[in-house]
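Content type CSV, N, CA and C atoms, from the file structure.csv:
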```csv
chain,number,residue,atom,x,y,z
A,11,MET,N,-34.2,18.6,29.3
A,11,MET,CA,-35.2,17.8,28.6
A,11,MET,C,-36.3,18.8,28.0
A,12,ALA,N,-36.6,18.7,26.8
A,12,ALA,CA,-37.6,19.5,26.2
A,12,ALA,C,-39.0,19.2,26.7
A,13,TYR,N,-39.9,20.2,26.7
A,13,TYR,CA,-41.2,20.0,27.2
A,13,TYR,C,-42.0,19.2,26.1
A,14,VAL,N,-42.8,18.2,26.7
A,14,VAL,CA,-43.6,17.4,25.8
A,14,VAL,C,-45.0,17.5,26.4
A,15,ARG,N,-46.0,17.8,25.5
A,15,ARG,CA,-47.4,17.9,26.0
A,15,ARG,C,-47.8,16.6,26.6
A,16,ALA,N,-48.7,16.7,27.6
A,16,ALA,CA,-49.2,15.6,28.4
A,16,ALA,C,-49.8,14.5,27.5
A,17,ALA,N,-50.6,14.9,26.5
A,17,ALA,CA,-51.2,13.9,25.7
A,17,ALA,C,-50.2,13.2,24.8
A,18,ASP,N,-49.2,13.9,24.4
A,18,ASP,CA,-48.1,13.3,23.6
A,18,ASP,C,-47.3,12.3,24.5
A,19,ARG,N,-47.0,12.8,25.7
A,19,ARG,CA,-46.2,11.9,26.6
A,19,ARG,C,-47.0,10.6,26.9
A,20,GLU,N,-48.3,10.8,27.1
A,20,GLU,CA,-49.2,9.6,27.4
A,20,GLU,C,-49.1,8.6,26.2
A,21,ARG,N,-49.2,9.1,25.0
A,21,ARG,CA,-49.1,8.2,23.8
A,21,ARG,C,-47.8,7.6,23.7
A,22,GLN,N,-46.7,8.3,24.0
A,22,GLN,CA,-45.4,7.8,24.0
A,22,GLN,C,-45.2,6.6,25.0
A,23,ILE,N,-45.8,6.8,26.2
A,23,ILE,CA,-45.7,5.8,27.2
A,23,ILE,C,-46.5,4.6,26.9
A,24,VAL,N,-47.7,4.8,26.4
A,24,VAL,CA,-48.6,3.7,26.0
A,24,VAL,C,-47.9,2.9,24.9
A,25,ALA,N,-47.3,3.5,23.9
A,25,ALA,CA,-46.6,2.8,22.8
A,25,ALA,C,-45.5,2.0,23.4
A,26,ALA,N,-44.7,2.6,24.3
A,26,ALA,CA,-43.6,1.8,24.9
A,26,ALA,C,-44.2,0.7,25.7
A,27,ALA,N,-45.3,0.9,26.4
A,27,ALA,CA,-45.9,-0.2,27.2
A,27,ALA,C,-46.3,-1.3,26.3
A,28,ILE,N,-46.9,-1.0,25.2
A,28,ILE,CA,-47.3,-2.1,24.2
A,28,ILE,C,-46.1,-2.9,23.8
A,29,THR,N,-45.0,-2.2,23.5
A,29,THR,CA,-43.8,-2.9,23.1
A,29,THR,C,-43.3,-3.9,24.2
A,30,VAL,N,-43.3,-3.4,25.4
A,30,VAL,CA,-42.8,-4.2,26.5
A,30,VAL,C,-43.8,-5.3,26.8
A,31,LEU,N,-45.1,-5.0,26.8
A,31,LEU,CA,-46.1,-6.0,27.1
A,31,LEU,C,-46.1,-7.1,26.1
A,32,SER,N,-45.9,-6.8,24.8
A,32,SER,CA,-45.9,-7.8,23.7
A,32,SER,C,-44.7,-8.7,23.9
A,33,ALA,N,-43.6,-8.2,24.4
A,33,ALA,CA,-42.4,-8.9,24.5
A,33,ALA,C,-42.4,-9.8,25.8
A,34,VAL,N,-42.8,-9.3,26.9
A,34,VAL,CA,-42.7,-10.1,28.2
A,34,VAL,C,-44.0,-10.4,28.9
A,35,GLY,N,-45.1,-9.9,28.4
A,35,GLY,CA,-46.4,-10.2,29.0
A,35,GLY,C,-46.7,-9.2,30.1
A,36,VAL,N,-48.0,-9.3,30.6
A,36,VAL,CA,-48.5,-8.5,31.7
A,36,VAL,C,-47.7,-8.7,33.0
A,37,PRO,N,-47.5,-9.9,33.4
A,37,PRO,CA,-46.8,-10.1,34.7
A,37,PRO,C,-45.4,-9.7,34.7
A,38,GLY,N,-44.7,-9.8,33.5
A,38,GLY,CA,-43.3,-9.4,33.4
A,38,GLY,C,-43.1,-7.9,33.2
A,39,THR,N,-44.1,-7.2,32.9
A,39,THR,CA,-43.9,-5.8,32.6
A,39,THR,C,-43.8,-5.0,33.9
A,40,THR,N,-42.8,-4.1,33.9
A,40,THR,CA,-42.6,-3.2,35.1
A,40,THR,C,-42.7,-1.8,34.5
A,41,LEU,N,-43.0,-0.9,35.4
A,41,LEU,CA,-43.0,0.5,35.0
A,41,LEU,C,-41.6,1.0,34.7
A,42,ARG,N,-40.6,0.4,35.3
A,42,ARG,CA,-39.2,0.7,35.0
A,42,ARG,C,-38.8,0.3,33.6
A,43,ALA,N,-39.3,-0.9,33.2
A,43,ALA,CA,-39.0,-1.4,31.8
A,43,ALA,C,-39.7,-0.5,30.8
A,44,VAL,N,-40.9,0.0,31.1
A,44,VAL,CA,-41.7,0.8,30.2
A,44,VAL,C,-41.0,2.2,30.1
A,45,ALA,N,-40.5,2.7,31.2
A,45,ALA,CA,-39.8,4.0,31.2
A,45,ALA,C,-38.5,3.9,30.4
A,46,ALA,N,-37.8,2.8,30.5
A,46,ALA,CA,-36.6,2.6,29.7
A,46,ALA,C,-36.9,2.5,28.2
A,47,GLN,N,-38.0,1.8,27.9
A,47,GLN,CA,-38.4,1.7,26.5
A,47,GLN,C,-38.8,3.0,25.9
A,48,ALA,N,-39.5,3.8,26.7
A,48,ALA,CA,-39.9,5.2,26.3
A,48,ALA,C,-38.8,6.2,26.3
A,49,ALA,N,-37.6,5.8,26.9
A,49,ALA,CA,-36.5,6.7,27.1
A,49,ALA,C,-36.8,7.9,27.9
A,50,ILE,N,-37.5,7.7,29.0
A,50,ILE,CA,-37.9,8.8,29.9
A,50,ILE,C,-37.5,8.4,31.3
A,51,PRO,N,-37.4,9.3,32.2
A,51,PRO,CA,-37.2,9.0,33.6
A,51,PRO,C,-38.4,8.3,34.2
A,52,LEU,N,-38.1,7.4,35.1
A,52,LEU,CA,-39.2,6.7,35.8
A,52,LEU,C,-40.1,7.7,36.5
A,53,GLY,N,-39.6,8.7,37.0
A,53,GLY,CA,-40.5,9.7,37.7
A,53,GLY,C,-41.5,10.4,36.7
A,54,THR,N,-41.1,10.6,35.5
A,54,THR,CA,-42.0,11.1,34.5
A,54,THR,C,-43.1,10.1,34.2
A,55,LEU,N,-42.8,8.9,34.1
A,55,LEU,CA,-43.8,7.8,33.9
A,55,LEU,C,-44.8,7.9,35.1
A,56,HIS,N,-44.3,7.9,36.3
A,56,HIS,CA,-45.1,7.9,37.5
A,56,HIS,C,-46.0,9.2,37.6
A,57,TYR,N,-45.5,10.3,37.0
A,57,TYR,CA,-46.3,11.5,37.0
A,57,TYR,C,-47.5,11.3,36.1
A,58,VAL,N,-47.3,10.7,34.9
A,58,VAL,CA,-48.4,10.5,34.0
A,58,VAL,C,-49.3,9.3,34.4
A,59,PHE,N,-48.7,8.2,34.8
A,59,PHE,CA,-49.4,7.0,35.3
A,59,PHE,C,-48.9,6.7,36.7
A,60,PRO,N,-49.6,7.1,37.7
A,60,PRO,CA,-49.1,6.8,39.1
A,60,PRO,C,-49.0,5.3,39.4
A,61,SER,N,-49.7,4.5,38.7
A,61,SER,CA,-49.7,3.0,39.0
A,61,SER,C,-49.7,2.2,37.7
A,62,LYS,N,-49.2,1.0,37.8
A,62,LYS,CA,-49.2,0.1,36.7
A,62,LYS,C,-50.7,-0.1,36.2
A,63,ASP,N,-51.6,-0.2,37.1
A,63,ASP,CA,-53.0,-0.4,36.7
A,63,ASP,C,-53.5,0.7,35.9
A,64,GLU,N,-53.2,2.0,36.2
A,64,GLU,CA,-53.6,3.1,35.4
A,64,GLU,C,-53.0,3.1,34.0
A,65,MET,N,-51.8,2.7,33.9
A,65,MET,CA,-51.1,2.6,32.6
A,65,MET,C,-51.7,1.4,31.8
A,66,LEU,N,-52.0,0.3,32.4
A,66,LEU,CA,-52.7,-0.8,31.7
A,66,LEU,C,-54.0,-0.4,31.2
A,67,ARG,N,-54.8,0.4,32.0
A,67,ARG,CA,-56.1,0.8,31.5
A,67,ARG,C,-55.9,1.7,30.2
A,68,ALA,N,-54.9,2.5,30.2
A,68,ALA,CA,-54.7,3.4,29.0
A,68,ALA,C,-54.3,2.5,27.8
A,69,VAL,N,-53.5,1.4,28.1
A,69,VAL,CA,-53.1,0.5,27.0
A,69,VAL,C,-54.3,-0.2,26.5
A,70,ILE,N,-55.2,-0.7,27.4
A,70,ILE,CA,-56.4,-1.4,27.0
A,70,ILE,C,-57.2,-0.5,26.1
A,71,ALA,N,-57.4,0.8,26.5
A,71,ALA,CA,-58.2,1.7,25.7
A,71,ALA,C,-57.6,1.8,24.3
A,72,THR,N,-56.3,1.9,24.2
A,72,THR,CA,-55.6,2.0,22.9
A,72,THR,C,-55.7,0.8,22.1
A,73,VAL,N,-55.6,-0.4,22.7
A,73,VAL,CA,-55.8,-1.7,22.0
A,73,VAL,C,-57.2,-1.8,21.5
A,74,ILE,N,-58.2,-1.4,22.2
A,74,ILE,CA,-59.5,-1.4,21.8
A,74,ILE,C,-59.7,-0.5,20.5
A,75,ASP,N,-59.1,0.7,20.6
A,75,ASP,CA,-59.2,1.6,19.4
A,75,ASP,C,-58.5,1.0,18.2
A,76,ASP,N,-57.4,0.3,18.5
A,76,ASP,CA,-56.6,-0.3,17.3
A,76,ASP,C,-57.4,-1.4,16.7
A,77,VAL,N,-58.1,-2.2,17.5
A,77,VAL,CA,-59.0,-3.3,17.0
A,77,VAL,C,-60.1,-2.8,16.2
A,78,VAL,N,-60.8,-1.7,16.7
A,78,VAL,CA,-61.9,-1.1,16.0
A,78,VAL,C,-61.4,-0.6,14.7
A,79,ASP,N,-60.3,0.1,14.7
A,79,ASP,CA,-59.7,0.7,13.5
A,79,ASP,C,-59.4,-0.4,12.5
A,80,ALA,N,-58.8,-1.5,12.9
A,80,ALA,CA,-58.4,-2.6,12.0
A,80,ALA,C,-59.6,-3.3,11.4
A,81,VAL,N,-60.7,-3.5,12.2
A,81,VAL,CA,-61.9,-4.1,11.7
A,81,VAL,C,-62.6,-3.2,10.8
A,82,ALA,N,-62.6,-1.9,11.1
A,82,ALA,CA,-63.4,-1.0,10.3
A,82,ALA,C,-62.7,-0.6,9.0
A,83,ALA,N,-61.4,-0.8,8.9
A,83,ALA,CA,-60.6,-0.4,7.8
A,83,ALA,C,-61.1,-1.0,6.5
A,84,GLY,N,-61.6,-0.1,5.6
A,84,GLY,CA,-62.0,-0.6,4.3
A,84,GLY,C,-63.3,-1.4,4.2
A,85,LEU,N,-64.1,-1.3,5.3
A,85,LEU,CA,-65.3,-2.1,5.2
A,85,LEU,C,-66.2,-1.6,4.1
A,86,GLU,N,-66.8,-2.5,3.4
A,86,GLU,CA,-67.7,-2.2,2.3
A,86,GLU,C,-69.1,-2.7,2.7
A,87,LEU,N,-69.8,-1.9,3.5
A,87,LEU,CA,-71.1,-2.3,4.1
A,87,LEU,C,-72.1,-2.5,3.0
A,88,ASP,N,-72.0,-1.9,1.9
A,88,ASP,CA,-72.9,-2.0,0.8
A,88,ASP,C,-72.9,-3.4,0.1
A,89,ARG,N,-71.9,-4.2,0.5
A,89,ARG,CA,-71.7,-5.5,-0.1
A,89,ARG,C,-72.3,-6.6,0.8
A,90,GLY,N,-73.0,-6.3,1.9
A,90,GLY,CA,-73.7,-7.2,2.7
A,90,GLY,C,-73.0,-7.5,4.0
A,91,VAL,N,-73.7,-8.0,5.0
A,91,VAL,CA,-73.2,-8.2,6.3
A,91,VAL,C,-72.1,-9.3,6.3
A,92,ALA,N,-72.4,-10.4,5.6
A,92,ALA,CA,-71.4,-11.5,5.6
A,92,ALA,C,-70.0,-11.0,5.0
A,93,HIS,N,-70.1,-10.2,4.0
A,93,HIS,CA,-68.8,-9.7,3.4
A,93,HIS,C,-68.2,-8.8,4.4
A,94,ALA,N,-68.9,-7.9,5.0
A,94,ALA,CA,-68.4,-6.9,6.0
A,94,ALA,C,-67.7,-7.7,7.2
A,95,LEU,N,-68.4,-8.7,7.7
A,95,LEU,CA,-67.8,-9.5,8.8
A,95,LEU,C,-66.5,-10.2,8.4
A,96,ARG,N,-66.6,-10.8,7.2
A,96,ARG,CA,-65.4,-11.6,6.7
A,96,ARG,C,-64.2,-10.6,6.5
A,97,HIS,N,-64.5,-9.5,5.9
A,97,HIS,CA,-63.5,-8.5,5.6
A,97,HIS,C,-62.9,-7.9,6.9
A,98,GLY,N,-63.8,-7.6,7.9
A,98,GLY,CA,-63.4,-7.1,9.1
A,98,GLY,C,-62.5,-8.1,9.9
A,99,VAL,N,-62.8,-9.3,9.9
A,99,VAL,CA,-62.0,-10.4,10.6
A,99,VAL,C,-60.6,-10.5,9.9
A,100,VAL,N,-60.6,-10.5,8.5
A,100,VAL,CA,-59.4,-10.6,7.8
A,100,VAL,C,-58.5,-9.4,8.1
A,101,ASN,N,-59.1,-8.2,8.1
A,101,ASN,CA,-58.3,-7.0,8.4
A,101,ASN,C,-57.7,-7.1,9.8
A,102,PHE,N,-58.5,-7.5,10.8
A,102,PHE,CA,-58.1,-7.7,12.1
A,102,PHE,C,-56.9,-8.6,12.2
A,103,TRP,N,-57.1,-9.8,11.5
A,103,TRP,CA,-56.0,-10.8,11.5
A,103,TRP,C,-54.7,-10.3,10.9
A,104,ASP,N,-54.8,-9.6,9.8
A,104,ASP,CA,-53.6,-9.1,9.1
A,104,ASP,C,-52.9,-8.0,9.9
A,105,ALA,N,-53.7,-7.1,10.5
A,105,ALA,CA,-53.1,-6.0,11.2
A,105,ALA,C,-52.6,-6.3,12.6
A,106,LEU,N,-53.3,-7.2,13.3
A,106,LEU,CA,-53.0,-7.3,14.7
A,106,LEU,C,-52.7,-8.7,15.2
A,107,VAL,N,-52.6,-9.7,14.2
A,107,VAL,CA,-52.3,-11.0,14.7
A,107,VAL,C,-51.1,-11.5,13.8
A,108,ALA,N,-51.2,-11.5,12.5
A,108,ALA,CA,-50.2,-12.1,11.7
A,108,ALA,C,-48.8,-11.4,11.8
A,109,ARG,N,-48.8,-10.1,11.9
A,109,ARG,CA,-47.6,-9.4,11.9
A,109,ARG,C,-46.8,-9.5,13.2
A,110,ASP,N,-47.5,-9.8,14.3
A,110,ASP,CA,-46.8,-9.8,15.6
A,110,ASP,C,-47.6,-10.7,16.6
A,111,ALA,N,-47.2,-11.9,16.8
A,111,ALA,CA,-47.9,-12.8,17.7
A,111,ALA,C,-47.8,-12.3,19.1
A,112,GLY,N,-46.7,-11.6,19.5
A,112,GLY,CA,-46.7,-11.1,20.8
A,112,GLY,C,-47.8,-10.1,21.1
A,113,LEU,N,-48.1,-9.3,20.1
A,113,LEU,CA,-49.2,-8.3,20.2
A,113,LEU,C,-50.5,-9.0,20.5
A,114,GLN,N,-50.8,-10.1,19.8
A,114,GLN,CA,-52.0,-10.9,20.0
A,114,GLN,C,-52.0,-11.5,21.4
A,115,ILE,N,-50.9,-12.1,21.8
A,115,ILE,CA,-50.8,-12.7,23.2
A,115,ILE,C,-51.1,-11.6,24.2
A,116,MET,N,-50.5,-10.4,24.0
A,116,MET,CA,-50.7,-9.3,24.9
A,116,MET,C,-52.2,-8.9,25.0
A,117,GLN,N,-52.9,-8.9,23.9
A,117,GLN,CA,-54.3,-8.6,23.9
A,117,GLN,C,-55.1,-9.6,24.7
A,118,TYR,N,-54.8,-10.9,24.6
A,118,TYR,CA,-55.4,-11.9,25.4
A,118,TYR,C,-55.1,-11.7,26.9
A,119,GLU,N,-53.8,-11.4,27.2
A,119,GLU,CA,-53.5,-11.2,28.6
A,119,GLU,C,-54.2,-10.0,29.2
A,120,LEU,N,-54.3,-9.0,28.4
A,120,LEU,CA,-55.0,-7.8,28.9
A,120,LEU,C,-56.4,-8.0,29.1
A,121,ALA,N,-57.0,-8.8,28.2
A,121,ALA,CA,-58.4,-9.2,28.4
A,121,ALA,C,-58.6,-10.0,29.7
A,122,MET,N,-57.7,-10.9,30.0
A,122,MET,CA,-57.8,-11.7,31.3
A,122,MET,C,-57.5,-10.8,32.5
A,123,TYR,N,-56.6,-9.9,32.3
A,123,TYR,CA,-56.3,-8.9,33.4
A,123,TYR,C,-57.5,-8.1,33.7
A,124,SER,N,-58.2,-7.6,32.7
A,124,SER,CA,-59.4,-6.8,32.8
A,124,SER,C,-60.5,-7.5,33.6
A,125,VAL,N,-60.7,-8.8,33.3
A,125,VAL,CA,-61.7,-9.6,33.9
A,125,VAL,C,-61.3,-9.9,35.4
A,126,ARG,N,-60.1,-10.1,35.6
A,126,ARG,CA,-59.6,-10.4,37.0
A,126,ARG,C,-59.5,-9.2,37.9
A,127,SER,N,-59.4,-8.0,37.3
A,127,SER,CA,-59.2,-6.9,38.2
A,127,SER,C,-60.4,-6.0,38.2
A,128,GLN,N,-61.6,-6.5,38.0
A,128,GLN,CA,-62.8,-5.7,38.1
A,128,GLN,C,-63.1,-5.2,39.4
```

What does the file become when written as structure tokens?
Amino acid sequence: MAYVRAADRERQIVAAAITVLSAVGVPGTTLRAVAAQAAIPLGTLHYVFPSKDEMLRAVIATVIDDVVDAVAAGLELDRGVAHALRHGVVNFWDALVARDAGLQIMQYELAMYSVRSQ
């Protein structure tokens, strides 16, 4: 197996986790399923993320970054606050809700997971 930098491996695992989480939800997601989706050995996943909780925290950070990027994309702040808010919500909806309902459900489940696991 070729060497993969730790940061690249983490991104690969987080992307696989988002795919699995979007399909089966937080309770149904296992590290084994994520490893299979990422096409890596389970031991490699455990090396990068020793627990499901640590992996979910990385997924949450990525989801937050995705939301911020979607809302900020193409904002025209010089056209007023109302326009910026409306445009941001539309960008969010188009990028992270309309194209994949499972992704939106995953975001809600992760929000609830975050609140419950404080």

Lys62 in chain A: which residues within 8 Å, counting only N, CA and C atoms, same-chain residues fewer than 6 positions away excluded, as a PDB file with N, CA and C atoms, in the frame of the given file?
```pdb
ATOM      1  N   THR A  39     -44.100  -7.200  32.900  1.00  0.00           N
ATOM      2  CA  THR A  39     -43.900  -5.800  32.600  1.00  0.00           C
ATOM      3  C   THR A  39     -43.800  -5.000  33.900  1.00  0.00           C
ATOM      4  N   THR A  40     -42.800  -4.100  33.900  1.00  0.00           N
ATOM      5  CA  THR A  40     -42.600  -3.200  35.100  1.00  0.00           C
ATOM      6  C   THR A  40     -42.700  -1.800  34.500  1.00  0.00           C
ATOM      7  N   LEU A  41     -43.000  -0.900  35.400  1.00  0.00           N
ATOM      8  CA  LEU A  41     -43.000   0.500  35.000  1.00  0.00           C
ATOM      9  C   LEU A  41     -41.600   1.000  34.700  1.00  0.00           C
ATOM     10  N   ALA A  68     -54.900   2.500  30.200  1.00  0.00           N
ATOM     11  CA  ALA A  68     -54.700   3.400  29.000  1.00  0.00           C
ATOM     12  C   ALA A  68     -54.300   2.500  27.800  1.00  0.00           C
TER      13      ALA A  68
END
```

(request) Compile the contact shell of Val99 in chain A as a ChimeraX atom specification: residues with an atom at most 8 Å away, counting all atoms listed in the file, same-chain residues fewer than 6 positions apart removed. (result) /A:80-82,93,105

(request) Would you list the contacts of Ile115 in chain A as a list in words, taking every protein, DNA or RNA residue within 8 Å and counting all atoms listed in the file, but skipping same-chain residues closer than 4 positions in sequence? (result) Leu31, Ser32, Gly35, Val36, Leu106, Val107, Asp110, Ala111, Glu119, Leu120 and Ala121 of chain A

Please write the residues from the selection above to a file, keeping N, CA and C atoms, as a tab-separated table (two decimals), keeping the file's coordinate frame.
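This went into selection-v3.tsv:
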```
chain	number	residue	atom	x	y	z
A	31	LEU	N	-45.10	-5.00	26.80
A	31	LEU	CA	-46.10	-6.00	27.10
A	31	LEU	C	-46.10	-7.10	26.10
A	32	SER	N	-45.90	-6.80	24.80
A	32	SER	CA	-45.90	-7.80	23.70
A	32	SER	C	-44.70	-8.70	23.90
A	35	GLY	N	-45.10	-9.90	28.40
A	35	GLY	CA	-46.40	-10.20	29.00
A	35	GLY	C	-46.70	-9.20	30.10
A	36	VAL	N	-48.00	-9.30	30.60
A	36	VAL	CA	-48.50	-8.50	31.70
A	36	VAL	C	-47.70	-8.70	33.00
A	106	LEU	N	-53.30	-7.20	13.30
A	106	LEU	CA	-53.00	-7.30	14.70
A	106	LEU	C	-52.70	-8.70	15.20
A	107	VAL	N	-52.60	-9.70	14.20
A	107	VAL	CA	-52.30	-11.00	14.70
A	107	VAL	C	-51.10	-11.50	13.80
A	110	ASP	N	-47.50	-9.80	14.30
A	110	ASP	CA	-46.80	-9.80	15.60
A	110	ASP	C	-47.60	-10.70	16.60
A	111	ALA	N	-47.20	-11.90	16.80
A	111	ALA	CA	-47.90	-12.80	17.70
A	111	ALA	C	-47.80	-12.30	19.10
A	119	GLU	N	-53.80	-11.40	27.20
A	119	GLU	CA	-53.50	-11.20	28.60
A	119	GLU	C	-54.20	-10.00	29.20
A	120	LEU	N	-54.30	-9.00	28.40
A	120	LEU	CA	-55.00	-7.80	28.90
A	120	LEU	C	-56.40	-8.00	29.10
A	121	ALA	N	-57.00	-8.80	28.20
A	121	ALA	CA	-58.40	-9.20	28.40
A	121	ALA	C	-58.60	-10.00	29.70
```

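Of the residues under consideration (A:Tyr57, A:Gln22, A:Ala83, A:Ile28), A:Ala83 shows the shortest atom-to-atom contact distance to His97 in chain A when counting only C-alpha atoms.
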
(request) Would you please work out which residue, of A:Ala92, A:Ala25, A:Leu113, A:Ile70, is nearest to Val125 in chain A when using only C-alpha atoms? (result) A:Ile70

(request) Grab the CA of Leu85 in chain A to atom C of Ala108 in chain A distance for me, in Å with one decimal place. (result) 20.1 Å

(request) Just list the residues in chain A DSSP gives helix (DSSP H, G or I) on the backbone, as an NGL selection string. (result) :A and (16-38 or 41-48 or 52-58 or 62-82 or 87-89 or 91-108 or 111-126)

(request) Find the distance between CA of Val34 in chain A and CA of Ala46 in chain A and write it in Å to one decimal. (result) 14.2 Å

(request) For CA of Thr29 in chain A and CA of Arg67 in chain A, quote the distance in Å rounded to one decimal. (result)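 Going from CA of Thr29 in chain A over to CA of Arg67 in chain A, I get 15.3 Å.
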
(request) Would you mind listing what lies within 8 Å of Ala94 in chain A as a list in words, with all atoms listed in the file counted and same-chain residues fewer than 6 positions away left out? (result) Val81, Gly84, Leu85, Glu86, Leu87, Asp88 and Val100 of chain A

(message) From the options A:Leu66, A:Arg126, A:Ala16, A:Asn101, which residue's atoms come nearest to Thr54 in chain A, counting only C-alpha atoms?
(response)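 Using only C-alpha atoms, the shortest distance to Thr54 in chain A belongs to A:Ala16.
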